[in-house]
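One structure is given here, and the rest of the page talks about it.
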Amino acid sequence: MPIKNLKPAKVWEYFYDICQIPHVSYDLDKITSYLEKTFIELGYTPIVDKAQNILVRKPASKGCEKLPTVMLQGHSDMVGAKDPSSTHDFKKDPIKIKVVNGWMSADKTTLGADNGIAVAMILAIFADKTLKHGPIEALITANEETGMDGIKEFNVKQLKSKYMINLDNENDEEICIGCPGNIDITAELPYKRDARTRPNTTDLRIFLSGGLGGHSGQAIGEKRINAIKTIFDLLNFLNNDHDIQLINIEKSGVVKNVIPFECACNINVYKKDVAKIKKFTSWWLKTLKQEFSRETDLVISVTPSKVKDHPITKKDSQKIIGVYGSVFNGVDTYSWKYSVPETSGNLGLIDTKKDAIWSLFMVRSSYDLAQHRIANRIMQLFKGVGGDAQQIAFVAGWLPKDNKLADIYETFYKKVFKKEAKQVLINGGVEPAYVLAQRPEMLGISIGPLMHDVHSKNERLSIESTQKVYEVLTKFLPTVR
């Protein structure tokens, strides 16, 4: 089914336009220009700040002037992740949309429904002059996927809204009333190389690929392999019986809030051990896939290395393998009330620099103290062995509380669809966490259509759910008091 035949037509028309414009984080000039131009053509006056956040206001429809102002909010950037076989260039190529069995996806890349579908809905609401609603503020933020960098540069005090409806949730039957904040940590472990390669040794490249990847918040509790951590798990096993030295860890990871789905390392080993290493790795992969049964496409190859560098010293190799094998990653605590990961962390990026192994972590929790506890645990591990680690970003968590707006929306949803929408805490960060920390008198919720596997090549968006969310949102706006 072509996208132009889908309803509501304006939503899908705008979403198609957005997919034609490159808009990964920090490459937003074209999408910002498109949005500014579109709002102007619709008769509005958008305010675009230096960070490329866009604020635009729509007056109340006739008879609704006394209703409170409601803010609709989404973000303009997307995560660019793709299958290794894809030649897609996120800086210039349009997203190739596929529609199959009621789902929209892309060709071996992320779709960008997170959060392009929110922006499309906002544009459609501003384009429709027949809708009933009170005063509306729309805030489309930039570079949300890099740790809410855009909203941090936005002057929240200029907002007039009493209520905030964020459109960045991923299940229409959920009303998000809380989410984690985040702390970003960079870490470095210095190393030295041997002056020469050991005699009777050879270099091997171990490459793990085919992991599911996905959103490091929403998917962190789904038992998905972090490829970087998994490579170090393997190296720790090999280290028990074989004398190995690390040469490098190849640059791995997409962005900090994506679970890494592939990673490669190069090691120096004795020639007599090669056959045993290959045999063990084959057995290890088979056993690993039994434990992580969803990781059906996981592959590990052991091939001759083409890297020319000398090995990292034995002492520093052991330190690097030990630290990264031990460092925190995954879920720390679950919320007993909401049955969702509450505090978690993701080792998102790693690279071998000239004289140090560099990495980037993202820690999440609704509780600020828990964020700092995990962050300190990571930083002290590196510092304790002569490395360095620094906190480079912090966003406070959004804790659930009594929420009149959520209660009204829950009642309205049930009235429209004859089914429940439950209030939830999620483990992915959304921008109400930042806005409501600055404006505690404001009430907010996060809603959105059903999506699966966001931040991965398997990202897909439910067409029916998108229709439902737009319908309930447009009918809900004039009821907000």
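Ligands are numbered from 1 in the order shown, residues from 1 within each chain, and chains are lettered A, B, ... in the order they appear in the structure tokens.
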Please report as a tab-separated table every residue of range 324-392 of chain A lying within 12 Å of range 213-232 of chain A, along with the nearest atom pair and their distance in Å (one decimal), using only C-alpha atoms.
```
residue	atom	partner	partner_atom	distance
A:Tyr324	CA	A:Phe232	CA	6.3
A:Gly325	CA	A:Phe232	CA	5.1
A:Ser326	CA	A:Phe232	CA	8.9
A:Val327	CA	A:Lys229	CA	8.6
A:Phe328	CA	A:Lys229	CA	9.5
A:Asn329	CA	A:Lys229	CA	7.8
A:Gly330	CA	A:Ile220	CA	6.2
A:Val331	CA	A:Gly221	CA	6.5
A:Asp332	CA	A:Gly221	CA	10.0
A:Thr333	CA	A:Gly221	CA	10.2
A:Tyr334	CA	A:Gly221	CA	9.1
A:Ser335	CA	A:Gly221	CA	11.7
A:Ser339	CA	A:Gly221	CA	10.4
A:Val340	CA	A:Gly221	CA	7.7
A:Pro341	CA	A:Gly221	CA	6.2
A:Glu342	CA	A:Gly217	CA	9.6
A:Thr343	CA	A:Gly217	CA	9.5
A:Ser344	CA	A:Ile220	CA	7.5
A:Gly345	CA	A:Ser216	CA	7.8
A:Asn346	CA	A:Ser216	CA	6.3
A:Leu347	CA	A:Ile228	CA	7.4
A:Gly348	CA	A:Ile228	CA	8.0
A:Leu349	CA	A:Ile228	CA	8.1
A:Ile350	CA	A:Ile228	CA	7.7
A:Asp351	CA	A:Ile228	CA	10.4
A:Ser359	CA	A:Ile228	CA	10.2
A:Leu360	CA	A:Ile228	CA	11.4
A:Phe361	CA	A:Ser216	CA	10.6
A:Met362	CA	A:Ser216	CA	8.5
A:Val363	CA	A:Gly217	CA	9.3
A:Arg364	CA	A:Gly217	CA	7.6
A:Ser365	CA	A:Gly217	CA	9.7
A:Ser366	CA	A:Gly217	CA	11.7
```
Skipping near chain neighbours, those fewer than 5 positions away, what residues fall within 9 Å of Pro180 in chain A using only C-alpha atoms, listed as a ChimeraX atom specification?
/A:217,342-343,364-368,371,395-399,425-430,433
Emit the selected residues as a CSV table (one decimal), in the first residue's frame, including N, CA, C and O atoms.
```csv
chain,number,residue,atom,x,y,z
A,217,GLY,N,17.4,2.3,26.3
A,217,GLY,CA,16.4,2.4,27.4
A,217,GLY,C,15.3,1.4,27.3
A,217,GLY,O,15.2,0.5,28.1
A,342,GLU,N,14.3,0.2,36.1
A,342,GLU,CA,14.3,1.5,36.7
A,342,GLU,C,15.6,2.2,36.6
A,342,GLU,O,15.7,3.4,36.4
A,343,THR,N,16.7,1.4,36.8
A,343,THR,CA,18.1,2.0,36.7
A,343,THR,C,18.9,1.1,35.8
A,343,THR,O,18.9,-0.2,36.0
A,364,ARG,N,21.0,5.5,33.1
A,364,ARG,CA,19.6,6.0,33.2
A,364,ARG,C,19.0,5.6,34.6
A,364,ARG,O,19.2,4.5,35.0
A,365,SER,N,18.2,6.5,35.1
A,365,SER,CA,17.4,6.2,36.3
A,365,SER,C,16.4,7.3,36.5
A,365,SER,O,16.7,8.5,36.3
A,366,SER,N,15.2,6.9,37.0
A,366,SER,CA,14.2,8.0,37.4
A,366,SER,C,14.7,8.6,38.7
A,366,SER,O,14.3,9.7,39.0
A,367,TYR,N,15.6,8.0,39.4
A,367,TYR,CA,16.1,8.5,40.7
A,367,TYR,C,17.5,9.0,40.5
A,367,TYR,O,18.4,8.3,40.1
A,368,ASP,N,17.6,10.3,40.8
A,368,ASP,CA,18.9,11.0,40.5
A,368,ASP,C,20.0,10.3,41.3
A,368,ASP,O,21.2,10.2,40.9
A,371,GLN,N,21.2,7.3,39.6
A,371,GLN,CA,22.1,7.6,38.5
A,371,GLN,C,23.5,7.8,38.9
A,371,GLN,O,24.5,7.3,38.3
A,395,VAL,N,20.8,14.8,33.1
A,395,VAL,CA,19.4,15.2,33.1
A,395,VAL,C,18.7,14.5,34.2
A,395,VAL,O,18.8,13.3,34.5
A,396,ALA,N,17.9,15.3,35.0
A,396,ALA,CA,17.2,14.8,36.2
A,396,ALA,C,16.1,13.8,35.7
A,396,ALA,O,15.6,13.9,34.6
A,397,GLY,N,15.8,12.9,36.6
A,397,GLY,CA,14.7,11.9,36.3
A,397,GLY,C,13.4,12.6,36.5
A,397,GLY,O,13.2,13.6,37.2
A,398,TRP,N,12.4,12.0,35.8
A,398,TRP,CA,11.0,12.4,35.9
A,398,TRP,C,10.2,11.4,36.8
A,398,TRP,O,9.9,10.3,36.3
A,399,LEU,N,9.9,11.7,38.0
A,399,LEU,CA,9.3,10.7,38.9
A,399,LEU,C,7.8,10.8,38.8
A,399,LEU,O,7.2,11.9,38.7
A,425,LEU,N,5.6,4.0,34.0
A,425,LEU,CA,6.9,4.5,34.0
A,425,LEU,C,7.7,3.8,32.9
A,425,LEU,O,7.6,2.6,32.8
A,426,ILE,N,8.4,4.5,32.1
A,426,ILE,CA,9.2,3.9,31.0
A,426,ILE,C,10.7,4.0,31.3
A,426,ILE,O,11.1,4.8,32.2
A,427,ASN,N,11.5,3.3,30.6
A,427,ASN,CA,12.9,3.3,30.8
A,427,ASN,C,13.7,4.1,29.7
A,427,ASN,O,14.9,4.1,29.7
A,428,GLY,N,13.0,4.7,28.8
A,428,GLY,CA,13.6,5.5,27.8
A,428,GLY,C,13.4,7.0,28.2
A,428,GLY,O,12.3,7.3,28.7
A,429,GLY,N,14.4,7.8,28.0
A,429,GLY,CA,14.2,9.2,28.4
A,429,GLY,C,13.4,10.0,27.4
A,429,GLY,O,13.5,9.9,26.2
A,430,VAL,N,12.5,10.8,27.9
A,430,VAL,CA,11.7,11.7,27.1
A,430,VAL,C,11.8,13.1,27.7
A,430,VAL,O,12.1,13.3,28.9
A,433,ALA,N,11.1,15.1,31.2
A,433,ALA,CA,12.0,15.0,32.3
A,433,ALA,C,12.7,16.3,32.5
A,433,ALA,O,12.9,16.7,33.6
```
Among A:Ile97, A:Cys265, A:Leu42, A:Ile47, Asp17 in chain A is approached most closely, using only C-alpha atoms, by A:Ile97
Hey, what's within 8 Å of Asp93 in chain A if we count only C-alpha atoms and toss same-chain stuff fewer than 4 positions away? As a JSON list (two decimals) with N, CA, C and O atoms, in the first residue's frame, please?
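Contents of around.json, freshly written:
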```
[["chain", "number", "residue", "atom", "x", "y", "z"],
["A", 20, "GLN", "N", 12.22, 12.15, 3.48],
["A", 20, "GLN", "CA", 13.03, 12.51, 2.31],
["A", 20, "GLN", "C", 14.20, 13.42, 2.66],
["A", 20, "GLN", "O", 15.07, 13.67, 1.84],
["A", 21, "ILE", "N", 14.20, 13.91, 3.91],
["A", 21, "ILE", "CA", 15.19, 14.91, 4.32],
["A", 21, "ILE", "C", 16.14, 14.29, 5.34],
["A", 21, "ILE", "O", 15.69, 13.81, 6.39],
["A", 22, "PRO", "N", 17.43, 14.27, 5.09],
["A", 22, "PRO", "CA", 18.37, 13.76, 6.09],
["A", 22, "PRO", "C", 18.23, 14.53, 7.41],
["A", 22, "PRO", "O", 18.20, 15.77, 7.40],
["A", 88, "HIS", "N", 23.29, 2.85, 2.53],
["A", 88, "HIS", "CA", 22.58, 4.09, 2.82],
["A", 88, "HIS", "C", 23.50, 5.12, 3.47],
["A", 88, "HIS", "O", 24.26, 4.80, 4.39],
["A", 89, "ASP", "N", 23.42, 6.37, 3.01],
["A", 89, "ASP", "CA", 24.18, 7.48, 3.58],
["A", 89, "ASP", "C", 23.20, 8.42, 4.27],
["A", 89, "ASP", "O", 22.42, 9.12, 3.60]]
```
Exercise. Can you list, as a PyMOL selection string, all residues belonging to range 8-58 of chain A that DSSP tags as helix (DSSP H, G or I)?
Key: chain A and resi 9-19+29-41
**Message:** Need to verify the contact set: Leu204 in chain A, 9 Å, only C-alpha atoms, exclusion of same-chain residues closer than 6 positions in sequence. Can you return it as a PyMOL selection string?
**Reply:** chain A and resi 265-269+274+302-306
Judged by only C-alpha atoms, the minimum distance to Phe15 in chain A among A:Gly384, A:Pro199, A:Gly178, A:Pro94 is found for A:Pro94
Restricting to only C-alpha atoms, whichever of A:Val469, A:Ala275, A:Ile321, A:Ile165 is closest to Ala406 in chain A is A:Ile165
note - CA of Pro440 in chain A and CA of Asn171 in chain A are separated by 25.4 Å
Contacts of Leu139 in chain A within 9 Å, only C-alpha atoms, excl. fewer than 5 positions in-chain, as a PDB file with C-alpha atoms, in the first residue's frame:
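Contents of part_34.pdb, as written:
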```pdb
ATOM      1  CA  ASN A  53      14.633  24.258  18.531  1.00  0.00           C
ATOM      2  CA  ILE A  54      11.360  25.460  17.013  1.00  0.00           C
ATOM      3  CA  LEU A  55       8.527  27.037  19.017  1.00  0.00           C
ATOM      4  CA  VAL A  56       5.273  27.919  17.271  1.00  0.00           C
ATOM      5  CA  ARG A  57       1.841  28.855  18.572  1.00  0.00           C
ATOM      6  CA  MET A  71       2.046  22.139  24.510  1.00  0.00           C
ATOM      7  CA  LEU A  72       2.567  19.417  21.889  1.00  0.00           C
ATOM      8  CA  GLN A  73       6.183  18.326  21.797  1.00  0.00           C
ATOM      9  CA  GLY A  74       8.479  16.112  19.737  1.00  0.00           C
ATOM     10  CA  HIS A  75      12.003  16.191  18.353  1.00  0.00           C
TER      11      HIS A  75
END
```
